[in-house]
$ cat query.cif   # mmCIF, C-alpha atoms
data_my_file
#
loop_
_atom_site.label_atom_id
_atom_site.label_comp_id
_atom_site.auth_asym_id
_atom_site.auth_seq_id
_atom_site.Cartn_x
_atom_site.Cartn_y
_atom_site.Cartn_z
CA MET A 149 0.00 0.00 0.00
CA GLN A 150 1.43 3.34 -1.05
CA ALA A 151 0.86 6.56 0.88
CA VAL A 152 2.00 9.99 -0.33
CA ILE A 153 2.17 12.83 2.18
CA ARG A 154 2.05 16.44 0.95
CA CYS A 155 3.30 18.89 3.56
CA ASP A 156 5.90 21.64 3.92
CA SER A 157 8.19 23.13 6.55
CA GLY A 158 10.29 26.26 6.61
CA PRO A 159 10.71 29.77 7.99
CA ALA A 160 7.31 30.92 6.75
CA VAL A 161 5.21 27.94 7.86
CA GLY A 162 7.20 26.54 10.79
CA GLY A 163 7.85 22.89 11.45
CA GLY A 164 4.61 21.65 12.98
CA HIS A 165 3.11 20.26 9.77
CA LEU A 166 6.18 18.17 9.05
CA VAL A 167 6.50 16.90 12.61
CA ARG A 168 2.92 15.68 12.85
CA SER A 169 2.96 14.27 9.32
CA GLY A 170 6.13 12.41 10.24
CA ALA A 171 4.34 10.92 13.25
CA LEU A 172 1.53 9.72 10.99
CA ALA A 173 4.05 8.35 8.50
CA ALA A 174 5.68 6.22 11.20
CA ALA A 175 2.33 4.77 12.26
CA LEU A 176 1.36 4.05 8.65
CA ARG A 177 4.65 2.29 7.97
CA ARG A 178 4.18 0.08 11.05
CA ASN A 179 0.91 -1.02 9.46
CA GLY A 180 2.28 -1.98 6.07
CA PHE A 181 2.27 1.26 4.08
CA ASP A 182 5.13 2.39 1.85
CA ILE A 183 5.67 6.09 2.59
CA ALA A 184 6.65 8.92 0.27
CA PHE A 185 6.75 12.65 0.92
CA ALA A 186 6.05 15.41 -1.62
CA VAL A 187 7.56 18.64 -0.31
CA SER A 188 9.20 21.95 -1.16
CA ASP A 189 12.96 22.06 -1.53
CA GLU A 190 13.45 23.93 1.75
CA THR A 191 11.42 21.34 3.65
CA VAL A 192 14.09 18.70 3.15
CA THR A 193 16.64 20.79 5.08
CA SER A 194 14.43 21.62 8.06
CA ILE A 195 14.34 18.17 9.73
CA PRO A 196 17.02 16.17 7.88
CA GLN A 197 16.65 13.05 10.03
CA LEU A 198 13.04 12.59 8.92
CA PHE A 199 14.17 12.15 5.33
CA VAL A 200 16.84 9.69 6.36
CA ASP A 201 14.04 7.63 7.87
CA PHE A 202 11.76 8.26 4.86
CA PRO A 203 14.05 8.66 1.83
CA ASP A 204 11.36 8.44 -0.88
CA VAL A 205 10.89 12.18 -1.46
CA LEU A 206 9.50 14.15 -4.39
CA LYS A 207 10.95 17.65 -4.06
CA GLY A 208 10.17 20.88 -5.89
CA MET A 209 6.59 21.34 -4.67
CA THR A 210 5.33 24.95 -4.89
CA ALA A 211 2.07 24.93 -2.88
CA GLU A 212 -0.02 25.33 -6.02
CA GLU A 213 -2.66 23.05 -7.49
CA ALA A 214 -0.15 22.09 -10.20
CA ASP A 215 1.61 20.07 -7.51
CA ALA A 216 -1.09 17.46 -7.97
CA GLU A 217 -0.07 16.73 -11.55
CA ARG A 218 3.58 16.30 -10.61
CA ILE A 219 2.64 13.91 -7.84
CA LYS A 220 0.33 11.90 -10.07
CA SER A 221 3.05 11.67 -12.72
CA ARG A 222 5.45 10.18 -10.16
CA TRP A 223 2.91 7.48 -9.19
CA PRO A 224 0.83 7.06 -12.37
CA SER A 225 -0.96 3.92 -11.19
CA GLY A 226 -2.47 5.73 -8.22
CA VAL A 227 -2.02 5.24 -4.48
CA GLU A 228 -3.95 3.89 -1.55
CA LEU A 229 -3.70 7.10 0.48
CA ALA A 230 -2.91 10.77 -0.07
CA VAL A 231 -2.33 12.89 3.05
CA VAL A 232 -2.61 16.68 2.77
CA ASP A 233 -1.31 18.79 5.65
CA HIS A 234 -0.95 22.24 4.15
CA TYR A 235 -2.76 25.55 4.74
CA GLY A 236 -1.88 26.69 1.21
CA LEU A 237 -3.65 23.78 -0.48
CA GLY A 238 -7.38 23.20 -0.23
CA GLU A 239 -10.35 21.84 -2.09
CA GLY A 240 -8.87 22.33 -5.56
CA PHE A 241 -5.80 20.25 -4.81
CA GLU A 242 -7.87 17.64 -3.00
CA ARG A 243 -10.24 17.37 -5.96
CA ALA A 244 -7.26 16.85 -8.28
CA VAL A 245 -5.96 13.85 -6.31
CA ALA A 246 -9.36 12.32 -5.55
CA GLY A 247 -9.82 9.10 -7.47
CA TRP A 248 -6.09 8.81 -8.14
CA ALA A 249 -5.85 8.19 -4.39
CA LYS A 250 -8.38 5.72 -3.00
CA LYS A 251 -8.46 7.72 0.25
CA VAL A 252 -7.61 11.37 0.86
CA LEU A 253 -6.88 12.36 4.44
CA VAL A 254 -6.68 16.07 5.28
CA ILE A 255 -5.08 17.39 8.47
CA ASP A 256 -6.36 20.80 9.54
CA ASP A 257 -6.71 22.95 12.65
CA ALA A 258 -9.87 24.99 12.12
CA PRO A 259 -13.24 24.54 10.35
CA SER A 260 -12.72 27.64 8.22
CA ARG A 261 -12.39 26.29 4.67
CA ARG A 262 -13.96 23.72 2.39
CA HIS A 263 -12.38 20.28 1.93
CA LEU A 264 -13.02 17.40 -0.45
CA CYS A 265 -11.64 14.31 1.29
CA THR A 266 -12.59 10.89 2.59
CA HIS A 267 -11.10 11.54 6.06
CA LEU A 268 -10.33 14.71 8.01
CA VAL A 269 -8.30 15.00 11.21
CA ASP A 270 -8.51 18.05 13.47
CA ALA A 271 -6.81 17.18 16.75
CA THR A 272 -7.57 20.50 18.42
CA PHE A 273 -8.62 19.89 22.01
CA ARG A 274 -12.42 19.90 22.32
CA ARG A 275 -12.93 20.20 18.55
CA ARG A 276 -16.32 18.66 17.65
CA PRO A 277 -17.13 16.94 14.32
CA GLU A 278 -20.29 19.02 13.87
CA GLU A 279 -18.13 22.14 13.53
CA TYR A 280 -17.11 20.82 10.10
CA GLY A 281 -20.68 20.22 8.98
CA LYS A 282 -20.61 22.87 6.24
CA GLN A 283 -16.99 22.29 5.22
CA VAL A 284 -17.04 18.64 4.12
CA ASP A 285 -19.36 16.19 2.39
CA SER A 286 -21.60 14.05 4.56
CA SER A 287 -19.58 10.97 3.61
CA THR A 288 -16.35 12.34 5.11
CA THR A 289 -15.08 10.55 8.21
CA LEU A 290 -14.29 13.21 10.82
CA LEU A 291 -11.68 12.50 13.49
CA CYS A 292 -11.80 15.44 15.89
CA GLY A 293 -10.31 16.17 19.28
CA SER A 294 -7.05 15.55 21.08
CA ASP A 295 -7.53 11.76 21.09
CA TYR A 296 -6.25 12.05 17.49
CA ALA A 297 -3.24 14.26 18.21
CA LEU A 298 -0.33 13.16 16.04
CA LEU A 299 2.58 12.64 18.40
CA ARG A 300 5.93 11.12 17.69
CA ASP A 301 6.48 7.68 19.24
CA ALA A 302 9.11 8.96 21.64
CA PHE A 303 6.53 10.91 23.63
CA GLN A 304 4.21 7.96 24.13
CA LYS A 305 7.21 5.91 25.28
CA GLU A 306 8.16 8.56 27.87
CA ARG A 307 4.61 8.97 29.19
CA HIS A 308 4.68 6.38 31.96
CA ALA A 309 7.94 7.64 33.46
CA ALA A 310 6.81 11.26 33.16
CA LEU A 311 3.52 10.66 34.94
CA ASP A 312 5.35 8.79 37.70
CA HIS A 313 7.41 11.93 38.36
CA PRO A 314 5.12 14.98 38.45
CA PRO A 315 6.72 18.37 38.98
CA GLY A 316 7.03 19.21 42.67
CA GLY A 317 8.31 22.73 42.10
CA VAL A 318 9.91 24.85 39.40
CA ARG A 319 13.51 23.77 39.11
CA ARG A 320 13.88 23.14 35.36
CA ILE A 321 12.26 25.10 32.52
CA LEU A 322 12.09 24.18 28.83
CA ILE A 323 11.76 26.96 26.24
CA SER A 324 10.29 25.65 22.99
CA MET A 325 8.90 28.33 20.70
CA GLY A 326 9.01 26.29 17.51
CA LEU A 327 11.51 25.01 14.99
CA ASN A 328 12.20 28.40 13.39
CA ASP A 329 10.73 31.06 15.72
CA ASN A 330 10.74 33.81 13.13
CA VAL A 331 9.62 36.50 15.59
CA ASN A 332 12.40 35.65 18.09
CA ALA A 333 9.97 34.98 20.91
CA THR A 334 12.65 32.73 22.41
CA TRP A 335 14.76 35.78 23.26
CA ALA A 336 11.87 37.51 25.06
CA VAL A 337 11.03 34.34 26.99
CA SER A 338 14.68 33.94 27.98
CA LYS A 339 14.77 37.49 29.29
CA GLY A 340 11.59 36.90 31.26
CA ILE A 341 13.03 33.82 32.97
CA LEU A 342 16.19 35.72 33.86
CA ASP A 343 14.09 38.59 35.21
CA ALA A 344 12.03 36.18 37.30
CA GLY A 345 15.03 35.50 39.50
CA GLY A 346 15.51 32.12 41.04
CA THR A 347 18.08 29.49 40.19
CA TYR A 348 16.56 27.54 37.31
CA GLU A 349 18.02 24.94 35.00
CA VAL A 350 16.90 26.11 31.56
CA ASP A 351 16.85 24.17 28.29
CA CYS A 352 16.26 26.15 25.10
CA VAL A 353 15.39 24.30 21.87
CA LEU A 354 15.58 25.63 18.30
CA GLY A 355 15.99 24.27 14.80
CA ALA A 356 19.31 24.55 13.00
CA ALA A 357 17.82 26.97 10.44
CA ALA A 358 16.24 29.33 12.99
CA PRO A 359 17.01 32.91 11.88
CA HIS A 360 17.81 34.28 15.35
CA LEU A 361 20.21 31.62 16.60
CA ASP A 362 23.03 34.08 17.29
CA ALA A 363 20.82 36.21 19.53
CA ILE A 364 19.69 33.12 21.44
CA ARG A 365 23.25 31.91 21.88
CA ALA A 366 24.04 35.26 23.51
CA ALA A 367 20.96 35.04 25.74
CA VAL A 368 21.87 31.53 26.87
CA LEU A 369 25.39 32.68 27.75
CA LYS A 370 23.86 35.29 30.07
CA GLY A 371 22.13 32.50 31.96
CA GLY A 372 25.42 30.87 32.88
CA ASP A 373 26.28 27.20 33.34
CA ARG A 374 22.71 26.17 34.16
CA TRP A 375 21.40 27.29 30.74
CA HIS A 376 21.65 24.96 27.75
CA LEU A 377 20.96 25.52 24.04
CA HIS A 378 19.85 22.46 22.04
CA ILE A 379 19.89 22.82 18.26
CA GLY A 380 18.06 20.48 15.90
CA VAL A 381 17.21 17.82 18.49
CA ASP A 382 15.56 14.58 17.42
CA ALA A 383 12.26 13.25 18.79
CA GLU A 384 13.87 11.13 21.49
CA ALA A 385 15.91 14.04 22.83
CA MET A 386 12.92 16.37 22.73
CA ALA A 387 10.82 13.89 24.66
CA ARG A 388 13.53 13.54 27.31
CA LEU A 389 13.89 17.31 27.64
CA THR A 390 10.14 17.70 28.00
CA ARG A 391 9.94 14.97 30.65
CA ALA A 392 12.81 16.57 32.58
CA ALA A 393 11.10 19.98 32.67
CA ASP A 394 8.86 21.18 35.47
CA ILE A 395 7.23 23.73 33.16
CA VAL A 396 7.45 24.42 29.44
CA VAL A 397 7.18 27.85 27.86
CA GLY A 398 6.02 27.41 24.29
CA ALA A 399 3.61 28.22 21.52
CA PRO A 400 0.15 26.58 21.60
CA GLY A 401 0.57 24.61 18.40
CA SER A 402 0.71 20.85 17.88
CA ALA A 403 3.69 20.55 20.27
CA GLY A 404 1.27 21.46 23.05
CA TYR A 405 -0.06 17.91 22.93
CA GLU A 406 3.44 16.50 23.39
CA ARG A 407 3.58 18.43 26.68
CA CYS A 408 0.14 17.18 27.65
CA CYS A 409 1.10 13.58 26.92
CA LEU A 410 3.89 13.91 29.49
CA GLY A 411 1.78 15.91 31.94
CA ARG A 412 3.96 19.01 31.76
CA PRO A 413 2.38 22.36 32.74
CA ALA A 414 2.81 25.00 30.06
CA LEU A 415 2.98 28.74 29.75
CA LEU A 416 1.59 29.48 26.30
CA LEU A 417 2.74 32.43 24.22
CA VAL A 418 0.56 32.98 21.15
CA VAL A 419 2.58 33.85 18.04
CA ALA A 420 -0.14 33.32 15.38
CA ASP A 421 -3.88 33.94 15.42
CA ASN A 422 -4.70 30.36 14.46
CA GLN A 423 -3.32 29.31 17.87
CA LEU A 424 -5.87 31.30 19.87
CA HIS A 425 -8.57 28.61 19.99
CA ASN A 426 -6.17 25.90 21.10
CA ALA A 427 -4.56 28.17 23.70
CA ALA A 428 -7.91 29.11 25.22
CA ALA A 429 -9.08 25.50 25.39
CA LEU A 430 -5.91 24.30 27.14
CA ASP A 431 -6.08 27.21 29.58
CA GLU A 432 -9.74 26.54 30.36
CA ALA A 433 -8.97 22.87 31.00
CA GLY A 434 -6.30 23.84 33.53
CA ALA A 435 -3.41 22.31 31.58
CA ALA A 436 -1.75 25.59 30.68
CA ILE A 437 -1.68 29.30 31.37
CA VAL A 438 -1.99 31.64 28.40
CA ILE A 439 0.36 34.59 28.82
CA GLY A 440 -1.08 36.36 25.79
CA LYS A 441 0.18 37.29 22.35
CA PHE A 442 3.82 37.98 21.64
CA SER A 443 4.45 41.71 22.11
CA HIS A 444 6.81 44.27 23.64
CA ASP A 445 5.93 43.26 27.22
CA THR A 446 6.27 39.50 26.76
CA ALA A 447 9.31 39.25 29.02
CA SER A 448 7.55 40.85 31.99
CA ARG A 449 4.52 38.58 31.57
CA VAL A 450 6.76 35.51 31.43
CA ALA A 451 8.59 36.63 34.56
CA GLY A 452 5.34 37.08 36.45
CA ALA A 453 3.97 33.70 35.40
CA VAL A 454 7.18 31.87 36.34
CA ARG A 455 7.21 33.51 39.78
CA MET A 456 3.56 32.62 40.32
CA LEU A 457 4.09 28.92 39.56
CA ALA A 458 7.30 28.81 41.56
CA ASP A 459 5.30 29.99 44.57
CA ASN A 460 2.36 27.65 44.00
CA PRO A 461 3.24 23.93 43.91
CA THR A 462 -0.44 22.98 44.28
CA LYS A 463 -1.25 24.83 41.07
CA LEU A 464 1.64 23.08 39.36
CA ARG A 465 0.36 19.66 40.47
CA ASP A 466 -3.18 20.44 39.29
CA MET A 467 -1.88 21.54 35.87
CA HIS A 468 0.11 18.31 35.59
CA LEU A 469 -2.98 16.19 36.17
CA SER A 470 -5.13 18.26 33.81
CA ALA A 471 -2.54 18.11 31.03
CA ALA A 472 -2.06 14.35 31.31
CA ALA A 473 -5.80 13.77 30.89
CA ILE A 474 -5.91 15.56 27.51
CA CYS A 475 -3.68 13.37 25.38
CA ASP A 476 -2.23 9.86 25.75
CA GLY A 477 0.04 9.81 22.69
CA ASN A 478 -1.86 7.16 20.73
CA GLY A 479 -3.56 9.44 18.20
CA ALA A 480 -1.58 8.30 15.16
CA ASN A 481 -2.41 4.66 15.83
CA ARG A 482 -6.12 5.50 16.21
CA ILE A 483 -6.12 7.30 12.86
CA VAL A 484 -4.43 4.40 11.08
CA ARG A 485 -6.95 1.94 12.52
CA VAL A 486 -9.80 4.04 11.13
CA LEU A 487 -8.11 4.23 7.72
CA LEU A 488 -7.63 0.49 7.56
CA ASN A 489 -11.20 -0.25 8.59
CA SER A 490 -13.06 2.22 6.36
#
$ encode --input "query.cif" --output "structure tokens"
Amino acid sequence: MQAVIRCDSGPAVGGGHLVRSGALAAALRRNGFDIAFAVSDETVTSIPQLFVDFPDVLKGMTAEEADAERIKSRWPSGVELAVVDHYGLGEGFERAVAGWAKKVLVIDDAPSRRHLCTHLVDATFRRRPEEYGKQVDSSTTLLCGSDYALLRDAFQKERHAALDHPPGGVRRILISMGLNDNVNATWAVSKGILDAGGTYEVDCVLGAAAPHLDAIRAAVLKGGDRWHLHIGVDAEAMARLTRAADIVVGAPGSAGYERCCLGRPALLLVVADNQLHNAAALDEAGAAIVIGKFSHDTASRVAGAVRMLADNPTKLRDMHLSAAAICDGNGANRIVRVLLNS
């Protein structure tokens, strides 16, 4: 069975699409699928290890409907499954691959545009299938909510150990503002943690192509020996860093469910409007605290939130329990089971 996954990663779109599509690819391969990716040229350089694991790659995609013809030319006999995880491609692209692919699975984050697909996944916490009623055909199988969050295997493997060791105070902080962090939110968060005082062990994670790496290196040096910069970490290392943290400061994208899987309280900094719904839902559930949109006063808001949690171990424990209840790390396997049985 052949599956072709169309997604992109890079400075403009971040790395979340590629990370979650990679998680789905791993689950599909475990269940007998041959996996190929169709991506832009810059995508191949953003997470190199993924394309070592999945070397069948059609490059040169341009996020236009013409991509469909190039993909179909590469696999002229058709495929079992086409996966589309791309905000720049919608109903037109999906219509072009329908029929050529026996099943078309779309991954999206908001019921704001029309799709033509056999299956749709929106793993946003508390997303309900009826919200897509006007955006898909009645025959579309809708997989909605955080039970379908696409997490890399490493996080599910770390879950038991993480839940056995809940945070008892704020000693170690993980800063994870995304693979590229174009707006340099990492620098503002770093300043906020320094301003908060306290003696914290701090891990800061960025991708190798992040545009503000030099500024972050300088910020980490200010933190001294207890601050560590991790560049281009793989899934296993990221899962270990998340498990080791008492709190995570990050964006409320798909990585938020990795933190929930390990029961790690989060301070969420919104860097894109499409993150607002997810941030509000996680805050309301008690798994995270939203510290607002990225702006000139981000550092002071981070400092205040860190101090508050450092002084409130009961709050920290409650956030741990609430986060762990949201996502168990088995979403990719659930999706594959549905695909195989429908």
$ resolve_selection --input "query.cif" --expression "the PyMOL selection byres ((chain A and resi 421) around 12)" --output "NGL selection string"
:A and (257-258 or 399-401 or 417-420 or 422-428 or 440-442)
$ residues_around --input "query.cif" --residues "segment 289-306 of chain A" --least-positions-apart "3" --cutoff "6 Å" --atoms "only C-alpha atoms" --output "PyMOL selection string"
chain A and resi 168+171+267-277+309+384+387+475+477+479-480
$ closest_residue --input "query.cif" --among "A:Ala249, A:Val254, A:Leu311, A:Ala151" --to "Asn179 of chain A" --atoms "all atoms listed in the file"
A:Ala151
$ residues_near_point --input "query.cif" --point "(12.1, 36.1, 37.6)" --cutoff "7 Å" --atoms "all atoms listed in the file" --output "PDB file with C-alpha atoms, in the coordinates of the input"
ATOM      1  CA  GLY A 340      11.590  36.900  31.260  1.00  0.00           C
ATOM      2  CA  ILE A 341      13.030  33.820  32.970  1.00  0.00           C
ATOM      3  CA  LEU A 342      16.190  35.720  33.860  1.00  0.00           C
ATOM      4  CA  ASP A 343      14.090  38.590  35.210  1.00  0.00           C
ATOM      5  CA  ALA A 344      12.030  36.180  37.300  1.00  0.00           C
ATOM      6  CA  GLY A 345      15.030  35.500  39.500  1.00  0.00           C
ATOM      7  CA  GLY A 346      15.510  32.120  41.040  1.00  0.00           C
ATOM      8  CA  ALA A 451       8.590  36.630  34.560  1.00  0.00           C
ATOM      9  CA  GLY A 452       5.340  37.080  36.450  1.00  0.00           C
ATOM     10  CA  VAL A 454       7.180  31.870  36.340  1.00  0.00           C
ATOM     11  CA  ARG A 455       7.210  33.510  39.780  1.00  0.00           C
TER      12      ARG A 455
END
$ resolve_selection --input "query.cif" --expression "the PyMOL selection byres ((chain A and resi 317) around 10)" --output "list in words"
Pro314, Pro315, Gly316, Val318, Arg319, Arg320, Asp394, Ile395, Leu457, Ala458, Asp459, Asn460, Pro461, Thr462, Lys463, Leu464 and Arg465 of chain A
$ residues_around --input "query.cif" --residues "Leu198 of chain A" --least-positions-apart "6" --cutoff "12 Å" --atoms "all atoms listed in the file" --output "PyMOL selection string"
chain A and resi 157+163+166-171+173-174+183-185+191-192+204-205+300+380-383
$ write_last_selection --input "query.cif" --atoms "C-alpha atoms" --output "PDB file, in the frame of the given file"
ATOM      1  CA  SER A 157       8.190  23.130   6.550  1.00  0.00           C
ATOM      2  CA  GLY A 163       7.850  22.890  11.450  1.00  0.00           C
ATOM      3  CA  LEU A 166       6.180  18.170   9.050  1.00  0.00           C
ATOM      4  CA  VAL A 167       6.500  16.900  12.610  1.00  0.00           C
ATOM      5  CA  ARG A 168       2.920  15.680  12.850  1.00  0.00           C
ATOM      6  CA  SER A 169       2.960  14.270   9.320  1.00  0.00           C
ATOM      7  CA  GLY A 170       6.130  12.410  10.240  1.00  0.00           C
ATOM      8  CA  ALA A 171       4.340  10.920  13.250  1.00  0.00           C
ATOM      9  CA  ALA A 173       4.050   8.350   8.500  1.00  0.00           C
ATOM     10  CA  ALA A 174       5.680   6.220  11.200  1.00  0.00           C
ATOM     11  CA  ILE A 183       5.670   6.090   2.590  1.00  0.00           C
ATOM     12  CA  ALA A 184       6.650   8.920   0.270  1.00  0.00           C
ATOM     13  CA  PHE A 185       6.750  12.650   0.920  1.00  0.00           C
ATOM     14  CA  THR A 191      11.420  21.340   3.650  1.00  0.00           C
ATOM     15  CA  VAL A 192      14.090  18.700   3.150  1.00  0.00           C
ATOM     16  CA  ASP A 204      11.360   8.440  -0.880  1.00  0.00           C
ATOM     17  CA  VAL A 205      10.890  12.180  -1.460  1.00  0.00           C
ATOM     18  CA  ARG A 300       5.930  11.120  17.690  1.00  0.00           C
ATOM     19  CA  GLY A 380      18.060  20.480  15.900  1.00  0.00           C
ATOM     20  CA  VAL A 381      17.210  17.820  18.490  1.00  0.00           C
ATOM     21  CA  ASP A 382      15.560  14.580  17.420  1.00  0.00           C
ATOM     22  CA  ALA A 383      12.260  13.250  18.790  1.00  0.00           C
TER      23      ALA A 383
END
$ resolve_selection --input "query.cif" --expression "the PyMOL selection byres ((chain A and resi 235) around 10)" --output "ChimeraX atom specification"
/A:155-156,161,165,211,232-234,236-238,255-257,261
$ decode --input "query.cif" --residues "segment 191-204 of chain A" --atoms "N, CA, C and O atoms" --output "compact mmCIF listing (two decimals), in the first residue's frame"
# COMPACT_ATOMS: atom_id res chain seq x y z
N THR A 191 11.91 22.27 2.63
CA THR A 191 11.42 21.34 3.65
C THR A 191 12.44 20.27 3.97
O THR A 191 12.60 19.86 5.12
N VAL A 192 13.16 19.81 2.97
CA VAL A 192 14.09 18.70 3.15
C VAL A 192 15.21 19.07 4.12
O VAL A 192 15.75 18.22 4.82
N THR A 193 15.54 20.36 4.21
CA THR A 193 16.64 20.79 5.08
C THR A 193 16.19 21.11 6.50
O THR A 193 17.03 21.30 7.38
N SER A 194 14.89 21.16 6.75
CA SER A 194 14.43 21.62 8.06
C SER A 194 14.52 20.54 9.13
O SER A 194 14.88 20.82 10.27
N ILE A 195 14.18 19.29 8.80
CA ILE A 195 14.34 18.17 9.73
C ILE A 195 15.03 17.04 8.96
O ILE A 195 14.37 16.08 8.51
N PRO A 196 16.33 17.13 8.76
CA PRO A 196 17.02 16.17 7.88
C PRO A 196 16.82 14.71 8.28
O PRO A 196 16.71 13.84 7.42
N GLN A 197 16.76 14.44 9.58
CA GLN A 197 16.65 13.05 10.03
C GLN A 197 15.38 12.39 9.52
O GLN A 197 15.36 11.18 9.24
N LEU A 198 14.30 13.16 9.39
CA LEU A 198 13.04 12.59 8.92
C LEU A 198 13.22 11.97 7.54
O LEU A 198 12.67 10.91 7.24
N PHE A 199 14.02 12.63 6.70
CA PHE A 199 14.17 12.15 5.33
C PHE A 199 15.28 11.12 5.19
O PHE A 199 15.46 10.54 4.13
N VAL A 200 16.01 10.89 6.27
CA VAL A 200 16.84 9.69 6.36
C VAL A 200 15.94 8.49 6.64
O VAL A 200 16.09 7.42 6.04
N ASP A 201 14.98 8.69 7.53
CA ASP A 201 14.04 7.63 7.87
C ASP A 201 13.07 7.34 6.72
O ASP A 201 12.63 6.19 6.55
N PHE A 202 12.71 8.38 5.98
CA PHE A 202 11.76 8.26 4.86
C PHE A 202 12.39 8.85 3.61
O PHE A 202 12.11 9.99 3.22
N PRO A 203 13.26 8.10 2.94
CA PRO A 203 14.05 8.66 1.83
C PRO A 203 13.31 8.84 0.51
O PRO A 203 13.84 9.48 -0.41
N ASP A 204 12.10 8.29 0.38
CA ASP A 204 11.36 8.44 -0.88
C ASP A 204 10.69 9.82 -0.87
O ASP A 204 9.63 10.01 -0.26
